[in-house]
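Visitor: The following file, input_11.cif, comprises mmCIF, C-alpha atoms:
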```cif
data_final
loop_
_atom_site.group_PDB
_atom_site.id
_atom_site.type_symbol
_atom_site.label_atom_id
_atom_site.label_comp_id
_atom_site.auth_asym_id
_atom_site.auth_seq_id
_atom_site.Cartn_x
_atom_site.Cartn_y
_atom_site.Cartn_z
ATOM 1 C CA MET A 224 -8.911 -11.803 -3.035
ATOM 2 C CA ARG A 225 -6.029 -12.304 -0.645
ATOM 3 C CA GLU A 226 -5.519 -8.685 0.321
ATOM 4 C CA LEU A 227 -7.764 -5.755 1.156
ATOM 5 C CA SER A 228 -5.745 -3.575 -1.196
ATOM 6 C CA LEU A 229 -6.858 -5.855 -4.050
ATOM 7 C CA HIS A 230 -10.463 -5.146 -3.066
ATOM 8 C CA LEU A 231 -9.643 -1.429 -3.154
ATOM 9 C CA LEU A 232 -8.169 -1.913 -6.626
ATOM 10 C CA ASP A 233 -11.315 -3.721 -7.736
ATOM 11 C CA ILE A 234 -13.612 -0.964 -6.414
ATOM 12 C CA ALA A 235 -11.399 1.682 -8.041
ATOM 13 C CA GLU A 236 -11.757 -0.176 -11.348
ATOM 14 C CA ASN A 237 -15.518 0.217 -11.021
ATOM 15 C CA SER A 238 -15.018 3.959 -10.545
ATOM 16 C CA ILE A 239 -12.899 4.095 -13.713
ATOM 17 C CA SER A 240 -15.613 2.177 -15.604
ATOM 18 C CA ALA A 241 -18.150 4.699 -14.294
ATOM 19 C CA GLY A 242 -16.235 7.404 -16.145
ATOM 20 C CA ALA A 243 -14.882 9.151 -13.048
ATOM 21 C CA SER A 244 -12.338 11.925 -13.621
ATOM 22 C CA ARG A 245 -11.427 12.152 -9.930
ATOM 23 C CA ILE A 246 -11.112 9.203 -7.570
ATOM 24 C CA VAL A 247 -10.176 9.406 -3.899
ATOM 25 C CA ILE A 248 -8.880 6.285 -2.160
ATOM 26 C CA SER A 249 -8.775 6.530 1.570
ATOM 27 C CA VAL A 250 -7.329 4.081 4.104
ATOM 28 C CA ARG A 251 -7.591 4.743 7.807
ATOM 29 C CA GLU A 252 -6.081 2.563 10.522
ATOM 30 C CA ASP A 253 -7.299 3.515 13.959
ATOM 31 C CA LEU A 254 -5.769 1.096 16.422
ATOM 32 C CA GLU A 255 -7.218 2.726 19.491
ATOM 33 C CA ALA A 256 -10.739 2.247 18.214
ATOM 34 C CA ASP A 257 -9.602 -1.055 16.655
ATOM 35 C CA GLU A 258 -10.993 -0.046 13.291
ATOM 36 C CA LEU A 259 -9.802 -0.200 9.720
ATOM 37 C CA TRP A 260 -11.673 1.999 7.265
ATOM 38 C CA LEU A 261 -11.423 1.722 3.495
ATOM 39 C CA GLU A 262 -13.144 4.150 1.204
ATOM 40 C CA VAL A 263 -13.272 4.848 -2.519
ATOM 41 C CA SER A 264 -15.185 7.877 -3.705
ATOM 42 C CA ASP A 265 -15.590 9.067 -7.271
ATOM 43 C CA ASN A 266 -17.356 11.608 -9.426
ATOM 44 C CA GLY A 267 -18.479 9.005 -11.962
ATOM 45 C CA LYS A 268 -21.927 8.517 -13.382
ATOM 46 C CA GLY A 269 -23.375 7.104 -10.141
ATOM 47 C CA MET A 270 -26.093 4.499 -9.665
ATOM 48 C CA SER A 271 -29.800 4.397 -8.947
ATOM 49 C CA PRO A 272 -30.914 2.753 -5.670
ATOM 50 C CA GLU A 273 -32.005 -0.329 -7.662
ATOM 51 C CA MET A 274 -28.623 -0.603 -9.307
ATOM 52 C CA VAL A 275 -26.874 -0.279 -5.936
ATOM 53 C CA GLN A 276 -29.038 -3.102 -4.602
ATOM 54 C CA HIS A 277 -28.181 -5.149 -7.646
ATOM 55 C CA VAL A 278 -24.416 -4.746 -7.385
ATOM 56 C CA ILE A 279 -24.536 -5.566 -3.673
ATOM 57 C CA ASP A 280 -26.640 -8.652 -4.126
ATOM 58 C CA PRO A 281 -26.815 -9.745 -7.763
ATOM 59 C CA PHE A 282 -28.664 -12.991 -6.977
ATOM 60 C CA VAL A 283 -31.609 -11.483 -5.130
ATOM 61 C CA THR A 284 -32.852 -8.805 -7.488
ATOM 62 C CA SER A 285 -34.615 -9.858 -10.652
ATOM 63 C CA ARG A 286 -32.802 -7.547 -12.981
ATOM 64 C CA THR A 287 -30.695 -9.466 -15.445
ATOM 65 C CA THR A 288 -29.956 -6.895 -18.114
ATOM 66 C CA ARG A 289 -26.678 -5.692 -16.723
ATOM 67 C CA LYS A 290 -23.637 -7.799 -16.153
ATOM 68 C CA VAL A 291 -22.374 -7.399 -12.611
ATOM 69 C CA GLY A 292 -19.374 -9.100 -11.061
ATOM 70 C CA LEU A 293 -18.902 -10.510 -7.602
ATOM 71 C CA GLY A 294 -16.235 -8.077 -6.419
ATOM 72 C CA ILE A 295 -18.613 -5.960 -4.340
ATOM 73 C CA PRO A 296 -20.532 -8.819 -2.644
ATOM 74 C CA LEU A 297 -17.217 -10.429 -1.676
ATOM 75 C CA PHE A 298 -15.894 -7.182 -0.220
ATOM 76 C CA LYS A 299 -19.121 -6.676 1.734
ATOM 77 C CA GLN A 300 -18.972 -10.214 3.071
ATOM 78 C CA ALA A 301 -15.344 -9.758 4.135
ATOM 79 C CA ALA A 302 -16.184 -6.603 6.118
ATOM 80 C CA GLU A 303 -19.242 -8.093 7.773
ATOM 81 C CA ALA A 304 -17.323 -11.220 8.744
ATOM 82 C CA CYS A 305 -14.953 -8.949 10.711
ATOM 83 C CA ASN A 306 -17.495 -7.111 12.900
ATOM 84 C CA GLY A 307 -17.559 -4.337 10.338
ATOM 85 C CA PHE A 308 -19.946 -3.009 7.770
ATOM 86 C CA PHE A 309 -20.155 -2.114 4.119
ATOM 87 C CA ASN A 310 -21.996 0.748 2.498
ATOM 88 C CA ILE A 311 -22.501 2.245 -0.935
ATOM 89 C CA ASN A 312 -23.664 5.815 -1.210
ATOM 90 C CA SER A 313 -24.421 6.699 -4.803
ATOM 91 C CA LYS A 314 -26.301 9.307 -6.738
ATOM 92 C CA PRO A 315 -26.821 9.254 -10.506
ATOM 93 C CA GLY A 316 -24.885 12.081 -12.143
ATOM 94 C CA VAL A 317 -22.965 12.878 -8.956
ATOM 95 C CA GLY A 318 -20.819 9.910 -8.027
ATOM 96 C CA THR A 319 -20.369 6.949 -5.755
ATOM 97 C CA LYS A 320 -18.790 6.418 -2.365
ATOM 98 C CA VAL A 321 -17.989 2.900 -1.229
ATOM 99 C CA THR A 322 -17.123 2.474 2.446
ATOM 100 C CA ALA A 323 -15.980 -0.628 4.302
ATOM 101 C CA MET A 324 -15.048 -0.906 7.952
ATOM 102 C CA PHE A 325 -13.297 -3.845 9.601
ATOM 103 C CA GLN A 326 -12.431 -4.653 13.177
ATOM 104 C CA HIS A 327 -8.694 -4.066 12.894
ATOM 105 C CA SER A 328 -7.642 -6.934 15.135
ATOM 106 C CA HIS A 329 -10.211 -9.443 13.876
ATOM 107 C CA ILE A 330 -8.659 -12.842 13.270
ATOM 108 C CA ASP A 331 -10.349 -13.179 9.878
ATOM 109 C CA ARG A 332 -9.366 -9.764 8.628
ATOM 110 C CA MET A 333 -7.304 -10.000 5.479
ATOM 111 C CA PRO A 334 -4.039 -8.054 5.523
ATOM 112 C CA LEU A 335 -4.045 -4.666 3.844
ATOM 113 C CA GLY A 336 -1.387 -6.019 1.536
ATOM 114 C CA ASN A 337 0.622 -4.073 -0.947
ATOM 115 C CA LEU A 338 -1.043 -0.677 -0.899
ATOM 116 C CA GLU A 339 1.783 1.125 -2.708
ATOM 117 C CA ASP A 340 1.753 -1.164 -5.753
ATOM 118 C CA THR A 341 -2.017 -0.855 -5.902
ATOM 119 C CA ILE A 342 -1.899 2.945 -5.980
ATOM 120 C CA LEU A 343 1.102 2.966 -8.317
ATOM 121 C CA GLY A 344 -0.676 0.742 -10.854
ATOM 122 C CA LEU A 345 -3.788 2.912 -10.779
ATOM 123 C CA ILE A 346 -1.930 6.207 -11.232
ATOM 124 C CA LEU A 347 0.341 4.908 -13.990
ATOM 125 C CA GLY A 348 -2.294 2.820 -15.762
ATOM 126 C CA THR A 349 -5.065 5.404 -15.928
ATOM 127 C CA PRO A 350 -3.539 8.828 -16.644
ATOM 128 C CA GLN A 351 -6.926 10.379 -17.468
ATOM 129 C CA VAL A 352 -8.001 10.153 -13.818
ATOM 130 C CA ASN A 353 -7.011 12.571 -11.055
ATOM 131 C CA TRP A 354 -6.027 10.227 -8.227
ATOM 132 C CA VAL A 355 -5.998 11.184 -4.586
ATOM 133 C CA PHE A 356 -4.661 8.740 -2.036
ATOM 134 C CA GLU A 357 -5.173 9.358 1.671
ATOM 135 C CA TYR A 358 -3.579 7.212 4.315
ATOM 136 C CA GLN A 359 -4.185 7.717 7.987
ATOM 137 C CA TYR A 360 -2.517 5.778 10.765
ATOM 138 C CA ASN A 361 -3.859 6.764 14.174
ATOM 139 C CA ASP A 362 -3.294 10.531 14.392
ATOM 140 C CA GLN A 363 -0.828 10.733 11.492
ATOM 141 C CA SER A 364 -1.951 11.195 7.937
ATOM 142 C CA TYR A 365 -0.498 11.320 4.460
ATOM 143 C CA THR A 366 -2.123 12.547 1.261
ATOM 144 C CA PHE A 367 -0.895 12.135 -2.272
ATOM 145 C CA ASP A 368 -2.823 14.096 -4.872
ATOM 146 C CA ASP A 369 -1.365 13.442 -8.330
ATOM 147 C CA THR A 370 -2.304 16.918 -9.651
ATOM 148 C CA ASP A 371 1.065 18.558 -8.828
ATOM 149 C CA PHE A 372 2.925 15.467 -9.929
ATOM 150 C CA LYS A 373 1.218 15.449 -13.325
ATOM 151 C CA GLU A 374 1.741 19.149 -13.791
ATOM 152 C CA ALA A 375 5.463 18.810 -13.116
ATOM 153 C CA LEU A 376 5.501 15.886 -15.520
ATOM 154 C CA GLY A 377 4.214 17.861 -18.505
ATOM 155 C CA ASP A 378 4.958 15.915 -21.693
ATOM 156 C CA LEU A 379 7.125 13.396 -19.922
ATOM 157 C CA PRO A 380 5.489 9.972 -20.228
ATOM 158 C CA LEU A 381 4.225 8.312 -17.050
ATOM 159 C CA SER A 382 6.038 5.166 -18.135
ATOM 160 C CA ASP A 383 9.457 6.866 -18.078
ATOM 161 C CA PHE A 384 11.579 4.667 -15.808
ATOM 162 C CA ARG A 385 12.652 7.647 -13.693
ATOM 163 C CA VAL A 386 9.042 8.663 -13.223
ATOM 164 C CA ILE A 387 8.099 5.141 -12.129
ATOM 165 C CA GLU A 388 10.988 5.144 -9.673
ATOM 166 C CA PHE A 389 10.037 8.563 -8.302
ATOM 167 C CA LEU A 390 6.417 7.648 -7.835
ATOM 168 C CA THR A 391 7.202 4.272 -6.264
ATOM 169 C CA ASN A 392 9.531 5.876 -3.712
ATOM 170 C CA THR A 393 7.221 8.807 -2.987
ATOM 171 C CA ILE A 394 4.200 6.679 -2.161
ATOM 172 C CA LYS A 395 6.126 4.009 -0.289
ATOM 173 C CA ASN A 396 7.917 6.608 1.854
ATOM 174 C CA GLY A 397 4.660 8.423 2.484
ATOM 175 C CA ILE A 398 3.041 5.298 3.896
ATOM 176 C CA ASP A 399 6.129 4.129 5.805
ATOM 177 C CA GLN A 400 6.747 7.500 7.428
ATOM 178 C CA THR A 401 3.136 7.903 8.475
ATOM 179 C CA LYS A 402 3.384 4.619 10.353
ATOM 180 C CA HIS A 403 6.868 5.330 11.685
ATOM 181 C CA ILE A 404 6.007 8.705 13.232
ATOM 182 C CA THR A 405 3.233 7.119 15.229
ATOM 183 C CA THR A 406 5.579 4.493 16.573
ATOM 184 C CA GLU A 407 8.242 7.039 17.480
ATOM 185 C CA LYS A 408 5.868 8.729 19.852
ATOM 186 C CA GLY A 409 6.146 5.651 21.973
ATOM 187 C CA VAL A 410 2.798 4.225 21.028
ATOM 188 C CA VAL A 411 3.548 0.815 19.641
ATOM 189 C CA TYR A 412 0.702 -1.302 18.389
ATOM 190 C CA ALA A 413 0.529 -4.770 16.999
ATOM 191 C CA ASN A 414 1.301 -4.419 13.329
ATOM 192 C CA HIS A 415 -0.955 -6.297 10.927
ATOM 193 C CA MET B 268 21.319 9.404 -14.202
ATOM 194 C CA PRO B 269 20.478 10.986 -10.824
ATOM 195 C CA THR B 270 17.409 9.831 -8.941
ATOM 196 C CA ILE B 271 14.457 12.207 -8.960
ATOM 197 C CA LYS B 272 13.767 13.417 -5.452
ATOM 198 C CA SER B 273 11.468 16.357 -5.930
ATOM 199 C CA LEU B 274 8.963 17.849 -8.311
ATOM 200 C CA ASP B 275 11.626 20.381 -9.371
ATOM 201 C CA ASP B 276 13.891 17.538 -10.458
ATOM 202 C CA LEU B 277 10.943 16.193 -12.382
ATOM 203 C CA LYS B 278 10.501 19.544 -14.152
ATOM 204 C CA ARG B 279 14.170 19.567 -15.145
ATOM 205 C CA LEU B 280 13.828 16.057 -16.458
ATOM 206 C CA ARG B 281 10.821 17.179 -18.476
ATOM 207 C CA GLU B 282 12.903 19.873 -20.158
ATOM 208 C CA GLU B 283 15.550 17.336 -21.097
ATOM 209 C CA ALA B 284 12.900 15.014 -22.417
ATOM 210 C CA GLN B 285 11.429 17.787 -24.527
ATOM 211 C CA LYS B 286 14.652 17.913 -26.539
ATOM 212 C CA VAL B 287 14.445 14.311 -27.618
ATOM 213 C CA LYS B 288 10.701 14.361 -28.100
ATOM 214 C CA GLU B 289 10.788 15.021 -31.836
ATOM 215 C CA LEU B 290 12.927 11.989 -32.408
ATOM 216 C CA ARG B 291 10.596 9.883 -30.292
ATOM 217 C CA ASP B 292 7.515 10.997 -32.186
ATOM 218 C CA GLN B 293 9.003 9.604 -35.366
ATOM 219 C CA THR B 294 9.815 6.182 -34.010
ATOM 220 C CA GLY B 295 6.396 5.411 -32.502
ATOM 221 C CA LYS B 296 5.584 3.806 -29.223
ATOM 222 C CA THR B 297 4.866 0.341 -27.959
ATOM 223 C CA GLN B 298 1.531 -0.036 -26.237
ATOM 224 C CA ILE B 299 1.029 -2.501 -23.395
ATOM 225 C CA VAL B 300 -2.392 -3.087 -21.858
ATOM 226 C CA VAL B 301 -3.108 -5.142 -18.732
ATOM 227 C CA GLY B 302 -6.656 -6.349 -18.023
ATOM 228 C CA MET B 303 -7.650 -5.397 -14.476
ATOM 229 C CA GLY B 304 -11.212 -6.622 -14.048
ATOM 230 C CA THR B 305 -12.247 -8.381 -10.834
ATOM 231 C CA VAL B 306 -11.152 -11.775 -12.138
ATOM 232 C CA GLY B 307 -7.883 -10.353 -13.450
ATOM 233 C CA ILE B 308 -7.082 -8.760 -10.097
ATOM 234 C CA ALA B 309 -7.903 -11.962 -8.224
ATOM 235 C CA ALA B 310 -5.698 -13.895 -10.658
ATOM 236 C CA GLY B 311 -2.710 -11.621 -9.978
ATOM 237 C CA ALA B 312 -2.971 -8.809 -12.549
ATOM 238 C CA ARG B 313 -1.568 -6.253 -10.099
ATOM 239 C CA GLU B 314 1.615 -8.304 -9.691
ATOM 240 C CA THR B 315 1.836 -8.738 -13.475
ATOM 241 C CA LEU B 316 1.485 -4.981 -13.998
ATOM 242 C CA LYS B 317 4.114 -4.388 -11.313
ATOM 243 C CA ALA B 318 6.498 -6.821 -13.035
ATOM 244 C CA ILE B 319 6.121 -4.841 -16.279
ATOM 245 C CA LEU B 320 6.773 -1.553 -14.440
ATOM 246 C CA THR B 321 9.809 -3.056 -12.728
ATOM 247 C CA TYR B 322 11.164 -4.265 -16.073
ATOM 248 C CA ILE B 323 10.746 -0.803 -17.619
ATOM 249 C CA GLU B 324 12.424 0.746 -14.568
ATOM 250 C CA ASP B 325 15.316 -1.720 -14.408
ATOM 251 C CA HIS B 326 16.046 -1.689 -18.128
ATOM 252 C CA HIS B 327 15.383 2.026 -18.704
ATOM 253 C CA LEU B 328 13.002 1.303 -21.565
ATOM 254 C CA PRO B 329 11.779 4.386 -23.411
ATOM 255 C CA ASP B 330 8.652 4.888 -25.503
ATOM 256 C CA ILE B 331 6.221 2.554 -23.789
ATOM 257 C CA ILE B 332 2.593 3.412 -23.292
ATOM 258 C CA LEU B 333 1.298 1.345 -20.410
ATOM 259 C CA ARG B 334 -2.415 1.209 -19.747
ATOM 260 C CA GLN B 335 -4.709 -0.835 -17.623
ATOM 261 C CA THR B 336 -8.230 -1.610 -18.601
ATOM 262 C CA GLY B 337 -11.251 -3.364 -17.148
ATOM 263 C CA ASN B 338 -12.191 -6.907 -18.024
ATOM 264 C CA ILE B 339 -10.822 -7.741 -21.491
ATOM 265 C CA GLY B 340 -13.432 -10.498 -21.745
ATOM 266 C CA LEU B 341 -11.361 -13.587 -22.348
ATOM 267 C CA GLY B 342 -12.832 -15.836 -19.697
ATOM 268 C CA GLY B 343 -10.376 -17.984 -17.799
ATOM 269 C CA GLN B 344 -7.285 -16.433 -19.359
ATOM 270 C CA ASP B 345 -6.537 -13.797 -16.723
ATOM 271 C CA PRO B 346 -4.223 -12.031 -16.175
ATOM 272 C CA VAL B 347 -4.326 -10.870 -19.794
ATOM 273 C CA VAL B 348 -1.615 -8.674 -21.336
ATOM 274 C CA GLN B 349 -1.843 -7.167 -24.819
ATOM 275 C CA VAL B 350 1.241 -5.867 -26.597
ATOM 276 C CA THR B 351 1.201 -3.733 -29.736
ATOM 277 C CA LEU B 352 4.545 -2.816 -31.283
ATOM 278 C CA PRO B 353 4.603 0.233 -33.578
ATOM 279 C CA GLY B 354 3.230 -0.790 -36.952
ATOM 280 C CA ALA B 355 2.433 -4.355 -35.844
ATOM 281 C CA ASP B 356 -0.776 -6.174 -34.929
ATOM 282 C CA MET B 357 -1.816 -6.522 -31.311
ATOM 283 C CA VAL B 358 -0.684 -9.727 -29.609
ATOM 284 C CA THR B 359 -2.674 -11.089 -26.661
ATOM 285 C CA TYR B 360 -1.095 -13.152 -23.901
ATOM 286 C CA GLY B 361 -3.019 -15.144 -21.300
ATOM 287 C CA LYS B 362 -2.417 -16.321 -17.729
ATOM 288 C CA VAL B 363 0.573 -14.013 -17.529
ATOM 289 C CA SER B 364 2.522 -14.447 -14.299
ATOM 290 C CA PRO B 365 5.126 -11.859 -13.244
ATOM 291 C CA SER B 366 7.956 -14.046 -14.594
ATOM 292 C CA MET B 367 6.110 -14.552 -17.887
ATOM 293 C CA ALA B 368 5.605 -10.783 -18.065
ATOM 294 C CA ALA B 369 9.355 -10.264 -17.715
ATOM 295 C CA LYS B 370 9.973 -12.740 -20.528
ATOM 296 C CA ILE B 371 7.384 -11.017 -22.763
ATOM 297 C CA MET B 372 9.095 -7.692 -22.065
ATOM 298 C CA GLU B 373 12.498 -9.088 -22.970
ATOM 299 C CA GLU B 374 11.565 -11.149 -26.015
ATOM 300 C CA HIS B 375 8.652 -9.254 -27.519
ATOM 301 C CA VAL B 376 8.870 -5.636 -26.377
ATOM 302 C CA VAL B 377 12.673 -5.338 -26.539
ATOM 303 C CA LYS B 378 13.665 -7.848 -29.241
ATOM 304 C CA GLY B 379 10.454 -7.851 -31.255
ATOM 305 C CA ASN B 380 9.840 -11.616 -31.161
ATOM 306 C CA VAL B 381 6.317 -12.706 -30.211
ATOM 307 C CA VAL B 382 6.388 -15.273 -27.379
ATOM 308 C CA ARG B 383 4.183 -17.872 -29.106
ATOM 309 C CA GLU B 384 3.969 -20.223 -26.135
ATOM 310 C CA PHE B 385 2.133 -17.599 -24.039
ATOM 311 C CA GLN B 386 -0.006 -16.236 -26.865
ATOM 312 C CA ILE B 387 -3.761 -16.828 -26.901
ATOM 313 C CA GLU B 388 -6.469 -16.237 -29.484
ATOM 314 C CA ALA B 389 -8.236 -12.933 -28.887
#
```
Have the structure of the file written as structure tokens, please.

Guide:
Amino acid sequence: MRELSLHLLDIAENSISAGASRIVISVREDLEADELWLEVSDNGKGMSPEMVQHVIDPFVTSRTTRKVGLGIPLFKQAAEACNGFFNINSKPGVGTKVTAMFQHSHIDRMPLGNLEDTILGLILGTPQVNWVFEYQYNDQSYTFDDTDFKEALGDLPLSDFRVIEFLTNTIKNGIDQTKHITTEKGVVYANH
Amino acid sequence: MPTIKSLDDLKRLREEAQKVKELRDQTGKTQIVVGMGTVGIAAGARETLKAILTYIEDHHLPDIILRQTGNIGLGGQDPVVQVTLPGADMVTYGKVSPSMAAKIMEEHVVKGNVVREFQIEA
């Protein structure tokens, strides 16, 4: 993966596969603490502690019955290589929360990348899920919960070109403005 | 067509759309599925999906059902895109770059001609 937002997309795909009906994606950039937090939490079927161990390190555990990809180990490795950490908190029948923290200024930290296209693809591609996207930049935050959006939409298809345009602009502006407000206060940080 | 700026605009648009809905239901819809497993994402599936969205947006295409799914299970062929026109069999395309996606949209989805050179056995 070339971008952290692609890792977020990959983790979110796991949540969809776990049958989640509500998925919260949270990105927090705290430049003062020099931390970047990424979190995906869902209300999917959850995992047992053994399964969590297996998805984190598929080569160590002996279990071979379930096919597990390398998305999670790679994400974990990326966080740990940047003075951060990676954690999975999961409970069968309740859901899963995946958390990764990176040193924001670390030289090896991948760029966040195209967050808006990531969120856009998830919302438009999986209408059955209630998506919540939270973006925090220092003390400013932005939340997009697609509940109101979907209610306003009614029978109108998500793939309507005007709907795509609306959603693209809404999310992009939300992220841009959150960053902009922080800068306007006179606190200018190196932008990664 | 004015740009939608608020949820109220969206509600008005919904009412307009309701009027043409009956007609739409008769003509059927084209379904497009993009495989978004780990390998697909690493191979550029997000950009491929975005290219399809951009094409729909730019060309004002109606009646498309766009879905993403996990790993489609065609090793080494990612990003995979599957197109099903109303009443036709599903066609699977492999290693679909954003520019290939635009061509598939133009030739297959709009004109109805399968792009054989990008097609793979599924």

Visitor: When you look at A:Gly318 with a cut-off of 6 Å (counting all atoms listed in the file), what residues show up, excluding the ones that are within fewer than 6 positions of it in the same chain? I need them as a list in words.

Guide: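 In the requested form, the answer reads Asp265, Asn266, Gly267, Lys268 and Gly269 of chain A.
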
Visitor: I'd like the residues picked by the PyMOL selection byres ((chain A and resi 225-233) around 8) written out as a ChimeraX atom specification, using the chain letters and numbers from the file.

Guide: /A:224,234-237,248,261-263,294,298,333-338,341-342,345 /B:303-305,308-309

Visitor: What gap, in Å, lies between atom CA of A:Cys305 and atom CA of B:Ala312?

Guide: 26.2 Å

Visitor: Hey, what comes out of the PyMOL selection byres ((chain A) within 8 of (chain B)) on this file? Could you write it as a PyMOL selection string?

Guide: chain A and resi 224-225+229+232-233+236+240+292-294+340-341+344-345+347-349+371-372+375-380+382-389

Visitor: Measuring atom to atom with only C-alpha atoms, identify which of A:Gly307, A:Ala323, A:Ser264, A:Ile404 is nearest to A:Ile239.

Guide: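 So, comparing all the options, the nearest one is A:Ser264.
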
Visitor: Counting only C-alpha atoms, figure out which residue out of B:Gly340, B:Met367, B:Thr351, B:Lys296 gets nearest to B:Thr315.

Guide: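 For B:Thr315, the nearest of the candidates is B:Met367.
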
Visitor: At a cut-off of 8 Å, using all atoms listed in the file, what residues contact stretch 373-380 of chain B? Leave out same-chain residues fewer than 5 positions from it and give the result as a list in words.

Guide: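 So the residues in contact are Thr297, Val350 and Leu352 of chain B.
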
Visitor: Could you tell me how far atom CA of A:Asn310 sits from atom CA of A:Phe325, in Å to one decimal place?

Guide: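 According to the coordinates, atom CA of A:Phe325 and atom CA of A:Asn310 are separated by 12.1 Å.
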
Visitor: So how far away is atom CA of B:Ser366 from atom CA of A:Leu343, in Å?

Guide: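 Between atom CA of A:Leu343 and atom CA of B:Ser366 the gap works out to 19.4 Å.
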
Visitor: Kindly extract all protein, DNA and RNA residues lying within 10 Å of the coordinates (-28.2, 11.3, -11.0) given in the file, considering only C-alpha atoms, and supply them as a list in words.

Guide: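 These residues have at least one counted atom within 10 Å: Lys268, Gly269, Met270, Ser271, Ser313, Lys314, Pro315, Gly316, Val317 and Gly318 of chain A.
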
Visitor: Env of stretch 366-370 of chain A: 9 Å cut, atoms = all atoms listed in the file, seq-sep filter 3 positions within chain, self excluded. Answer as a ChimeraX atom specification.

Guide: /A:247,249,346,353-359,373-375,393-394,397

Visitor: Need the axis-aligned box for stretch 342-347 of chain B with 4 Å each side, so what are the centre and edges in Å to one decimal, as lines of an AutoDock Vina configuration file?

Guide:
```
center_x = -8.5
center_y = -14.4
center_z = -18.0
size_x = 16.6
size_y = 15.1
size_z = 11.6
```

Visitor: Identify, on the basis of all atoms listed in the file, every residue whose closest approach to B:Gln386 does not exceed 9 Å; exclude the query and any residue fewer than 6 positions from it along the same chain; express the result as a PyMOL selection string.

Guide: chain B and resi 358-361

Visitor: Nearest to A:Gly242 among A:Val352, A:Ile295, A:Ala304, A:Met324, with distances taken over only C-alpha atoms: which residue is it?

Guide: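 Residue with the minimum atom-to-atom distance to A:Gly242: A:Val352.
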
Visitor: Using all atoms listed in the file, can you tell me which of B:Met372, B:Leu341, B:Ala389, B:Ala355 comes closest to B:Gly302?

Guide: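 Closest to B:Gly302, using all atoms listed in the file: B:Leu341.
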
Visitor: Find the residue from B:Ile339, B:Pro353, B:Gln344, B:Ile319 that sits nearest to B:Phe385; use all atoms listed in the file when measuring.

Guide: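 Closest to B:Phe385, using all atoms listed in the file: B:Gln344.
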